[in-house]
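One file, model.cif, is given below (mmCIF, C-alpha atoms).
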data_work
#
loop_
_atom_site.label_atom_id
_atom_site.label_comp_id
_atom_site.auth_asym_id
_atom_site.auth_seq_id
_atom_site.Cartn_x
_atom_site.Cartn_y
_atom_site.Cartn_z
CA MET G 1 -37.21 3.18 4.36
CA SER G 2 -40.45 2.25 6.09
CA GLU G 3 -42.23 4.52 8.49
CA GLY G 4 -41.58 1.96 11.20
CA GLN G 5 -37.90 2.75 11.01
CA LEU G 6 -38.51 6.30 12.00
CA LYS G 7 -38.33 5.35 15.66
CA GLY G 8 -41.75 6.59 16.52
CA ILE G 9 -41.45 9.94 14.86
CA SER G 10 -44.14 9.03 12.38
CA ARG G 11 -46.49 8.42 15.28
CA ALA G 12 -46.45 12.09 16.13
CA LYS G 13 -49.84 13.40 15.18
CA LEU G 14 -51.46 16.72 15.45
CA ALA G 15 -54.73 16.20 17.28
CA GLY G 16 -57.71 15.99 15.02
CA GLN G 17 -55.82 15.91 11.72
CA PRO G 18 -55.94 12.87 9.48
CA LYS G 19 -52.57 11.34 8.58
CA ALA G 20 -52.53 12.50 4.97
CA GLN G 21 -52.65 16.12 6.08
CA GLN G 22 -49.55 15.79 8.26
CA GLN G 23 -47.17 14.47 5.65
CA VAL G 24 -43.74 15.99 5.28
CA ARG G 25 -41.39 14.85 2.55
CA VAL G 26 -37.82 14.26 3.69
CA LEU G 27 -34.82 13.98 1.38
CA TYR G 28 -31.24 13.02 2.05
CA GLY G 29 -29.06 12.16 -0.93
CA VAL G 30 -30.81 9.44 -2.91
CA HIS G 31 -33.25 8.73 -0.07
CA ALA G 32 -36.75 10.16 -0.06
CA LEU G 33 -39.62 9.40 2.28
CA GLU G 34 -42.89 10.86 3.41
CA ALA G 35 -43.94 10.67 7.02
CA ASN G 36 -46.27 12.26 9.54
CA LEU G 37 -43.86 14.87 10.79
CA ALA G 38 -45.92 18.06 10.86
CA GLY G 39 -45.41 19.74 14.21
CA ARG G 40 -41.94 18.24 14.70
CA THR G 41 -38.77 20.29 14.57
CA VAL G 42 -35.95 19.87 12.08
CA ALA G 43 -33.74 18.78 14.98
CA ASP G 44 -36.24 16.03 15.91
CA VAL G 45 -36.18 14.65 12.39
CA ARG G 46 -32.41 14.87 12.10
CA GLN G 47 -32.01 12.99 15.37
CA ALA G 48 -34.54 10.34 14.39
CA LEU G 49 -33.00 9.69 10.97
CA ARG G 50 -29.36 10.36 11.77
CA GLN G 51 -28.32 6.74 12.18
CA ALA G 52 -30.67 5.15 9.67
CA LEU G 53 -29.61 7.45 6.85
CA ASN G 54 -26.14 8.26 8.16
CA ILE G 55 -26.85 11.99 7.98
CA SER G 56 -23.71 14.07 8.34
CA PRO G 57 -23.75 16.60 11.19
CA GLN G 58 -22.51 19.07 8.56
CA ALA G 59 -25.55 18.55 6.33
CA VAL G 60 -27.45 21.81 5.92
CA ALA G 61 -31.22 21.63 6.49
CA ILE G 62 -33.45 23.31 3.94
CA VAL G 63 -37.23 23.49 3.90
CA ASP G 64 -38.85 24.17 0.53
CA GLY G 65 -35.52 25.47 -0.74
CA ARG G 66 -34.79 27.80 2.16
CA GLU G 67 -32.06 27.15 4.74
CA VAL G 68 -33.62 26.82 8.19
CA GLU G 69 -32.65 26.60 11.85
CA GLU G 70 -32.80 23.30 13.70
CA SER G 71 -35.66 24.67 15.82
CA THR G 72 -37.91 25.21 12.80
CA ILE G 73 -41.26 23.47 13.16
CA LEU G 74 -42.35 21.54 10.11
CA LEU G 75 -45.71 22.11 8.48
CA ALA G 76 -47.79 19.63 6.54
CA GLY G 77 -46.93 19.56 2.86
CA GLN G 78 -43.40 20.89 3.30
CA GLN G 79 -40.24 19.29 1.99
CA LEU G 80 -37.27 19.01 4.31
CA GLU G 81 -33.92 18.21 2.77
CA PHE G 82 -30.71 17.49 4.61
CA VAL G 83 -28.21 18.36 1.92
CA ARG G 84 -25.84 15.46 1.50
CA LEU G 85 -22.20 16.43 1.22
CA ALA G 86 -20.90 16.52 -2.33
CA GLY G 87 -18.74 13.70 -3.63
CA GLU G 88 -15.13 14.74 -3.46
CA LYS G 89 -13.21 12.52 -5.85
CA GLY G 90 -13.16 12.28 -9.60
CA MET F 91 -26.00 31.38 -38.82
CA ALA F 92 -24.46 28.40 -37.00
CA GLU F 93 -23.69 28.98 -33.35
CA LYS F 94 -20.39 28.50 -31.61
CA ILE F 95 -20.06 26.47 -28.46
CA GLU F 96 -17.04 26.83 -26.19
CA ILE F 97 -16.55 23.95 -23.78
CA LYS F 98 -14.03 23.64 -20.97
CA LEU F 99 -13.37 20.26 -19.39
CA ILE F 100 -11.49 20.85 -16.15
CA GLY F 101 -10.05 17.63 -14.78
CA VAL F 102 -9.12 14.71 -17.01
CA GLY F 103 -9.07 11.94 -14.41
CA GLY F 104 -11.54 9.11 -13.83
CA ILE F 105 -14.69 11.15 -14.53
CA GLY F 106 -13.15 13.34 -17.23
CA CYS F 107 -11.78 10.35 -19.14
CA ALA F 108 -15.20 8.68 -19.05
CA LEU F 109 -17.00 11.82 -20.11
CA ALA F 110 -14.78 13.14 -22.91
CA PRO F 111 -15.27 10.53 -25.66
CA PHE F 112 -19.06 10.51 -25.36
CA LEU F 113 -19.31 14.29 -25.20
CA THR F 114 -17.14 14.67 -28.28
CA ARG F 115 -18.90 11.92 -30.22
CA TYR F 116 -22.23 13.61 -29.53
CA LEU F 117 -20.92 17.05 -30.46
CA GLN F 118 -19.35 15.84 -33.67
CA ALA F 119 -22.66 14.27 -34.74
CA GLU F 120 -24.50 17.46 -33.81
CA ARG F 121 -22.02 19.55 -35.75
CA GLN F 122 -22.63 17.48 -38.84
CA LEU F 123 -26.36 18.26 -38.50
CA THR F 124 -26.26 21.90 -37.43
CA GLY F 125 -22.88 23.22 -38.54
CA GLU F 126 -22.34 24.37 -34.97
CA GLU F 127 -18.73 25.30 -34.35
CA VAL F 128 -17.32 23.53 -31.29
CA ARG F 129 -14.12 24.15 -29.42
CA ILE F 130 -13.19 21.98 -26.46
CA THR F 131 -10.44 22.91 -24.06
CA LEU F 132 -9.08 20.28 -21.71
CA VAL F 133 -7.49 21.58 -18.53
CA ASP F 134 -5.37 19.49 -16.19
CA GLY F 135 -1.90 19.89 -14.71
CA ASP F 136 -1.59 16.22 -13.80
CA THR F 137 0.48 13.58 -15.54
CA PHE F 138 -0.86 10.19 -16.54
CA GLU F 139 1.07 7.36 -14.99
CA SER F 140 0.58 3.65 -15.48
CA ARG F 141 -0.82 3.29 -11.93
CA ASN F 142 -3.85 5.35 -13.06
CA ALA F 143 -4.71 2.83 -15.76
CA ALA F 144 -7.34 1.01 -13.69
CA ARG F 145 -9.74 3.93 -14.14
CA GLN F 146 -8.28 6.15 -16.82
CA SER F 147 -7.57 5.61 -20.48
CA PHE F 148 -4.64 7.36 -22.15
CA GLU F 149 -2.66 6.19 -25.13
CA THR F 150 0.64 7.46 -23.79
CA VAL F 151 2.24 8.72 -20.62
CA GLY F 152 2.32 12.49 -20.32
CA ASN F 153 0.25 15.50 -19.33
CA LYS F 154 -3.37 14.37 -19.20
CA ALA F 155 -4.85 17.39 -20.96
CA LYS F 156 -2.34 17.28 -23.79
CA VAL F 157 -2.47 13.52 -24.34
CA LYS F 158 -6.28 13.37 -24.26
CA ALA F 159 -6.70 16.42 -26.52
CA THR F 160 -4.38 14.81 -29.07
CA GLU F 161 -6.30 11.54 -28.94
CA LEU F 162 -9.68 13.23 -29.32
CA ALA F 163 -8.53 15.45 -32.17
CA ARG F 164 -7.51 12.36 -34.09
CA SER F 165 -10.88 10.66 -33.53
CA PHE F 166 -13.10 13.71 -34.01
CA PRO F 167 -11.55 15.87 -36.71
CA ASP F 168 -14.60 18.13 -37.11
CA LEU F 169 -14.10 19.56 -33.63
CA SER F 170 -11.41 21.91 -32.39
CA PHE F 171 -9.31 20.92 -29.37
CA ARG F 172 -6.93 22.77 -27.13
CA ALA F 173 -5.04 21.71 -24.01
CA ILE F 174 -4.08 23.77 -20.99
CA PRO F 175 -1.56 21.66 -19.01
CA GLU F 176 -2.16 23.45 -15.71
CA PHE F 177 -4.22 23.02 -12.59
CA VAL F 178 -6.78 25.79 -12.29
CA THR F 179 -6.07 28.47 -9.72
CA ALA F 180 -7.72 31.75 -8.81
CA GLU F 181 -4.99 33.41 -10.87
CA ASN F 182 -5.38 31.52 -14.13
CA LEU F 183 -9.17 30.99 -14.02
CA PRO F 184 -10.04 34.31 -15.71
CA HIS F 185 -8.11 33.06 -18.74
CA VAL F 186 -9.53 29.55 -18.57
CA VAL F 187 -13.26 30.18 -18.00
CA THR F 188 -14.84 33.14 -19.76
CA PRO F 189 -18.41 34.39 -20.25
CA GLY F 190 -20.57 32.11 -22.36
CA ASP F 191 -18.58 28.98 -21.57
CA LEU F 192 -20.00 25.59 -20.83
CA VAL F 193 -17.80 24.08 -18.12
CA PHE F 194 -17.57 20.44 -17.16
CA LEU F 195 -15.83 20.31 -13.79
CA ALA F 196 -14.50 16.83 -13.07
CA VAL F 197 -11.90 17.44 -10.39
CA ASP F 198 -11.05 15.51 -7.24
CA ASN F 199 -11.12 18.23 -4.60
CA HIS F 200 -13.51 20.78 -3.14
CA ALA F 201 -10.93 23.58 -3.10
CA THR F 202 -10.99 23.68 -6.89
CA ARG F 203 -14.80 23.42 -6.97
CA GLN F 204 -14.95 26.43 -4.69
CA ILE F 205 -12.72 28.66 -6.79
CA VAL F 206 -14.40 27.69 -10.05
CA SER F 207 -17.89 28.27 -8.63
CA ARG F 208 -16.87 31.63 -7.17
CA HIS F 209 -15.37 32.65 -10.49
CA CYS F 210 -18.53 31.65 -12.37
CA GLU F 211 -20.63 33.70 -9.94
CA ALA F 212 -18.95 36.79 -11.36
CA LEU F 213 -19.69 35.93 -15.01
CA SER F 214 -22.79 37.09 -16.82
CA ASP F 215 -23.52 33.85 -18.64
CA VAL F 216 -22.10 30.44 -17.87
CA VAL F 217 -23.13 26.84 -17.38
CA LEU F 218 -21.12 24.86 -14.86
CA ILE F 219 -21.73 21.13 -14.53
CA SER F 220 -19.71 19.65 -11.67
CA GLY F 221 -19.46 16.01 -10.66
CA GLY F 222 -17.80 14.26 -7.76
CA ASN F 223 -17.92 10.84 -6.21
CA ASP F 224 -16.97 8.78 -3.24
CA PHE F 225 -16.59 5.01 -3.67
CA THR F 226 -20.15 4.03 -4.66
CA ASP F 227 -22.09 7.28 -4.55
CA GLY F 228 -21.75 10.85 -5.67
CA ASN F 229 -23.52 13.87 -7.06
CA VAL F 230 -23.72 16.27 -9.96
CA GLN F 231 -24.41 19.98 -9.53
CA VAL F 232 -25.56 22.27 -12.31
CA TYR F 233 -24.98 25.99 -11.90
CA VAL F 234 -26.55 28.12 -14.61
CA ARG F 235 -26.20 31.90 -14.90
CA ARG F 236 -27.99 33.84 -17.58
CA ASP F 237 -27.95 37.59 -18.16
CA GLY F 238 -26.13 38.17 -14.90
CA ARG F 239 -28.61 36.25 -12.78
CA ASP F 240 -28.52 32.82 -11.18
CA VAL F 241 -30.96 30.38 -12.75
CA THR F 242 -29.77 27.66 -10.39
CA LEU F 243 -27.60 27.96 -7.30
CA PRO F 244 -23.79 27.97 -7.23
CA LEU F 245 -21.90 24.90 -6.01
CA THR F 246 -21.14 26.52 -2.68
CA ARG F 247 -24.77 27.18 -1.69
CA PHE F 248 -25.96 24.63 0.90
CA HIS F 249 -22.58 22.88 0.62
CA PRO F 250 -20.29 24.11 3.40
CA GLU F 251 -17.73 21.47 2.46
CA ILE F 252 -17.27 23.31 -0.85
CA ALA F 253 -17.78 26.86 0.43
CA ASP F 254 -15.15 26.33 3.11
CA PRO F 255 -13.05 23.43 1.82
CA LYS F 256 -10.73 21.56 4.12
CA ASP F 257 -8.74 20.06 1.29
CA LYS F 258 -6.25 21.70 -1.05
CA SER F 259 -6.18 22.27 -4.75
CA PRO F 260 -3.51 20.09 -6.43
CA ALA F 261 -1.80 23.32 -7.43
CA GLU F 262 -1.08 23.89 -3.73
CA MET F 263 0.14 20.38 -2.96
CA SER F 264 3.55 18.79 -2.94
CA CYS F 265 4.17 15.52 -4.78
CA GLU F 266 4.10 13.70 -1.42
CA GLU F 267 0.75 15.27 -0.56
CA LEU F 268 -0.66 14.39 -3.97
CA ALA F 269 0.35 10.77 -3.52
CA ALA F 270 -1.09 10.67 0.01
CA VAL F 271 -4.60 11.85 -0.97
CA ALA F 272 -5.15 9.16 -3.58
CA ALA F 273 -8.28 7.44 -2.25
CA PRO F 274 -9.61 4.22 -3.78
CA GLN F 275 -12.20 4.86 -6.47
CA LEU F 276 -14.44 2.68 -8.55
CA LEU F 277 -14.40 3.02 -12.32
CA PHE F 278 -18.14 2.34 -12.49
CA MET F 279 -18.84 5.24 -10.14
CA ASN F 280 -16.73 7.58 -12.26
CA LEU F 281 -18.73 6.37 -15.26
CA SER F 282 -22.07 6.97 -13.52
CA ILE F 283 -21.11 10.51 -12.60
CA ALA F 284 -19.81 11.23 -16.10
CA SER F 285 -23.07 9.91 -17.52
CA ALA F 286 -25.13 12.05 -15.14
CA MET F 287 -23.10 15.12 -16.13
CA LEU F 288 -23.80 14.42 -19.79
CA ASN F 289 -27.47 13.85 -19.04
CA ALA F 290 -27.60 17.24 -17.32
CA PHE F 291 -25.85 18.80 -20.32
CA PHE F 292 -28.43 17.33 -22.67
CA ALA F 293 -31.33 18.42 -20.45
CA TRP F 294 -29.97 21.96 -20.32
CA ARG F 295 -29.23 22.08 -24.04
CA SER F 296 -32.72 20.94 -24.90
CA GLY F 297 -34.28 23.48 -22.52
CA ARG F 298 -35.62 20.83 -20.17
CA LEU F 299 -33.30 21.00 -17.19
CA GLY F 300 -35.56 20.58 -14.16
CA TYR F 301 -33.02 20.18 -11.36
CA GLY F 302 -29.91 21.76 -9.96
CA GLU F 303 -28.38 18.74 -8.31
CA VAL F 304 -28.70 14.99 -8.64
CA TYR F 305 -27.46 12.34 -6.24
CA LEU F 306 -26.51 8.85 -7.33
CA ASP F 307 -25.82 5.62 -5.47
CA ILE F 308 -24.88 2.64 -7.62
CA VAL F 309 -25.30 0.06 -4.84
CA GLU F 310 -28.79 1.30 -3.98
CA GLY F 311 -29.53 1.67 -7.68
CA ARG F 312 -31.01 5.10 -7.09
CA ALA F 313 -30.80 8.62 -8.45
CA GLN F 314 -32.50 11.58 -6.80
CA PRO F 315 -32.75 14.94 -8.57
CA VAL F 316 -33.44 18.05 -6.50
CA ALA F 317 -34.21 21.63 -7.46
CA ARG F 318 -31.67 24.30 -6.59
CA ASN F 319 -33.42 27.52 -7.49
CA PRO F 320 -32.61 30.92 -6.03
CA ARG F 321 -35.21 32.30 -3.65
CA SER F 322 -36.78 35.66 -4.21
CA GLY F 323 -34.12 38.31 -3.58
CA GLU F 324 -31.13 35.94 -3.77
CA ASN F 325 -30.14 37.37 -7.14
CA ASP F 326 -29.87 40.82 -5.60
CA ARG F 327 -26.85 39.97 -3.46
#

Could you spell out this file's structure in structure tokens?
Amino acid sequence: MSEGQLKGISRAKLAGQPKAQQQVRVLYGVHALEANLAGRTVADVRQALRQALNISPQAVAIVDGREVEESTILLAGQQLEFVRLAGEKG
Amino acid sequence: MAEKIEIKLIGVGGIGCALAPFLTRYLQAERQLTGEEVRITLVDGDTFESRNAARQSFETVGNKAKVKATELARSFPDLSFRAIPEFVTAENLPHVVTPGDLVFLAVDNHATRQIVSRHCEALSDVVLISGGNDFTDGNVQVYVRRDGRDVTLPLTRFHPEIADPKDKSPAEMSCEELAAVAAPQLLFMNLSIASAMLNAFFAWRSGRLGYGEVYLDIVEGRAQPVARNPRSGENDR
């Protein structure tokens, strides 16, 4: 997925910080991307990527391995994962 | 002194059928090198019927665990096989999965994943490798406990669909319900998940397991491993 598909979320910048310092890594299932998301909330990112990645409303959000609230503000260098639901069949 | 390895394969459906011959071939070759004693127990209460043949390979009609254990014993005489022709339940699990086991969980419902994961959480040492798929994607989770502590996270952590399953274990379902839940599946996806489960097994066995979950999508041609390590204090629950 390109940054352009992030519906403007990647344009969010913290004043005075170069882009590279605002990168947050986002994972959902097999998808991984890095974007300028520092300063945004988990809810912002979920909303922005919900359709593009088909993120389940049930998907738990974890930041650097810790479950977080939707209001959590992301920091540069963090990894946000929306945990994709497990495959059911076999 | 040669070690002993006790393996439980729970679920002998699309994933289990794909996994079993490669696991046993590998273990037989290893046994010839190391002398390691291997016992494999297949657990499934389901019966193979001809309509399953698109994704599952059995030589005869009958209980899946029994038929597959008989087939494997014939092909791999250096290994020991046993069959438990039952679905796992909270009641029989203490007899099926015991401390020190390596468990391959290849079932088709979250209710069973939940009870097996919860049971393993109470064991001192266990390795649980669980796979599941939808039509063209799926995941593998690896839950490792050593010396009474979680090395990776249980299946239920971060997965509310497993922690609080909406489906039923086949042991709780009527024949009509069992027939109704049969969703279309792709043989290749079963094979991908089985392969990823075996890859995780090899990584763990060689001391190089660096993830707790891996996602796969065969249309996208992608796999994404992710760490699932307990946070500080999580082992004190």

With distances taken over only C-alpha atoms, which residue among G:Ala48, G:Val30, G:Val63, G:Ala43 lies nearest chain F?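 The answer is G:Val30, which sits nearest to chain F.
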
What residues come out when you apply the PyMOL selection byres ((chain G and resi 47) around 12) to this file, written as JSON, numbers by chain? {"G": [6, 7, 8, 9, 40, 41, 42, 43, 44, 45, 46, 48, 49, 50, 51, 52, 53, 54, 55, 56, 57, 70, 82]}

Apply the PyMOL selection byres ((chain F) within 6 of (chain G)) to the displayed file and report the matching residues as a list in words. Gly104, Ile105, Ala196, Val197, Asp198, Asn199, Gly222, Asn223, Asp224, Gly228, Asn229, Phe248, Tyr305, Ala313 and Gln314 of chain F

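Taken over the whole file, the PyMOL selection byres ((chain G and resi 33-36) around 6) covers exactly Ser10, Gln22, Gln23, Val24, Arg25, Val26, Ala32, Leu37 and Ala38 of chain G.
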
What gap, in Å, lies between atom CA of F:Thr246 and atom CA of F:Arg172?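 Interatomic distance, atom CA of F:Thr246 to atom CA of F:Arg172: 28.5 Å.
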
Compare F:Ser140, F:Asn280, F:Asn153, F:Ser170 by their minimum atom-to-atom distance to F:Glu126, counting only C-alpha atoms, and give me the closest one.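 Closest residue, counting only C-alpha atoms: F:Ser170.
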
From (-23.3, 9.4, -20.6), in the file's coordinates, out to 10 Å: which residues are reached, counting all atoms listed in the file? Answer as an MDAnalysis selection string. chainID F and resid 108:113 116 281:292

Mind giving me the axis-aligned box for stretch 280-284 of chain F with 3 Å on every side, centre plus edges in Å to one decimal, as JSON?
{"center_x": -19.4, "center_y": 8.8, "center_z": -14.2, "size_x": 11.3, "size_y": 10.9, "size_z": 9.8}

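Considering only C-alpha atoms, the residue among F:Ile308, F:Glu266, F:Val234, F:Glu149 positioned nearest to F:Trp294 is F:Val234.
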
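Here the question is which of F:Ala272, F:Leu243, F:Ala253, F:Met279 gets nearest to F:Arg318 using only C-alpha atoms, and that residue is F:Leu243.
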
Interatomic distance (Å, one decimal) between atom CA of F:Glu211 and atom CA of F:Arg247: 11.3 Å

Determine, counting only C-alpha atoms, which protein, DNA and RNA residues have an atom within 7 Å of an atom of stretch 213-216 of chain F; residues of the same chain fewer than 6 positions away are not included. Present the result as a list in words.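 Here the answer would be Pro189, Gly190, Asp191, Leu192, Val234, Arg235, Arg236, Asp237 and Gly238 of chain F.
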
Counting only C-alpha atoms, find the residues whose atoms lie at most 8 Å from (-30.4, 24.5, -10.3) (file coordinates) and write them out as an mmCIF file with C-alpha atoms, in the coordinates of the input.
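This went into selection_19.cif:
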data_model
loop_
_atom_site.group_PDB
_atom_site.id
_atom_site.type_symbol
_atom_site.label_atom_id
_atom_site.label_comp_id
_atom_site.auth_asym_id
_atom_site.auth_seq_id
_atom_site.Cartn_x
_atom_site.Cartn_y
_atom_site.Cartn_z
ATOM 1 C CA GLN F 231 -24.410 19.980 -9.530
ATOM 2 C CA VAL F 232 -25.560 22.270 -12.310
ATOM 3 C CA TYR F 233 -24.980 25.990 -11.900
ATOM 4 C CA VAL F 234 -26.550 28.120 -14.610
ATOM 5 C CA VAL F 241 -30.960 30.380 -12.750
ATOM 6 C CA THR F 242 -29.770 27.660 -10.390
ATOM 7 C CA LEU F 243 -27.600 27.960 -7.300
ATOM 8 C CA GLY F 300 -35.560 20.580 -14.160
ATOM 9 C CA TYR F 301 -33.020 20.180 -11.360
ATOM 10 C CA GLY F 302 -29.910 21.760 -9.960
ATOM 11 C CA GLU F 303 -28.380 18.740 -8.310
ATOM 12 C CA ALA F 317 -34.210 21.630 -7.460
ATOM 13 C CA ARG F 318 -31.670 24.300 -6.590
ATOM 14 C CA ASN F 319 -33.420 27.520 -7.490
#

Would you kindly return, as a list in words, each protein, DNA or RNA residue with an atom no farther than 12 Å from any atom of F:Leu123, considering only C-alpha atoms and excluding same-chain residues fewer than 5 positions away? Ala92, Tyr116, Leu117, Gln118 and Asp168 of chain F
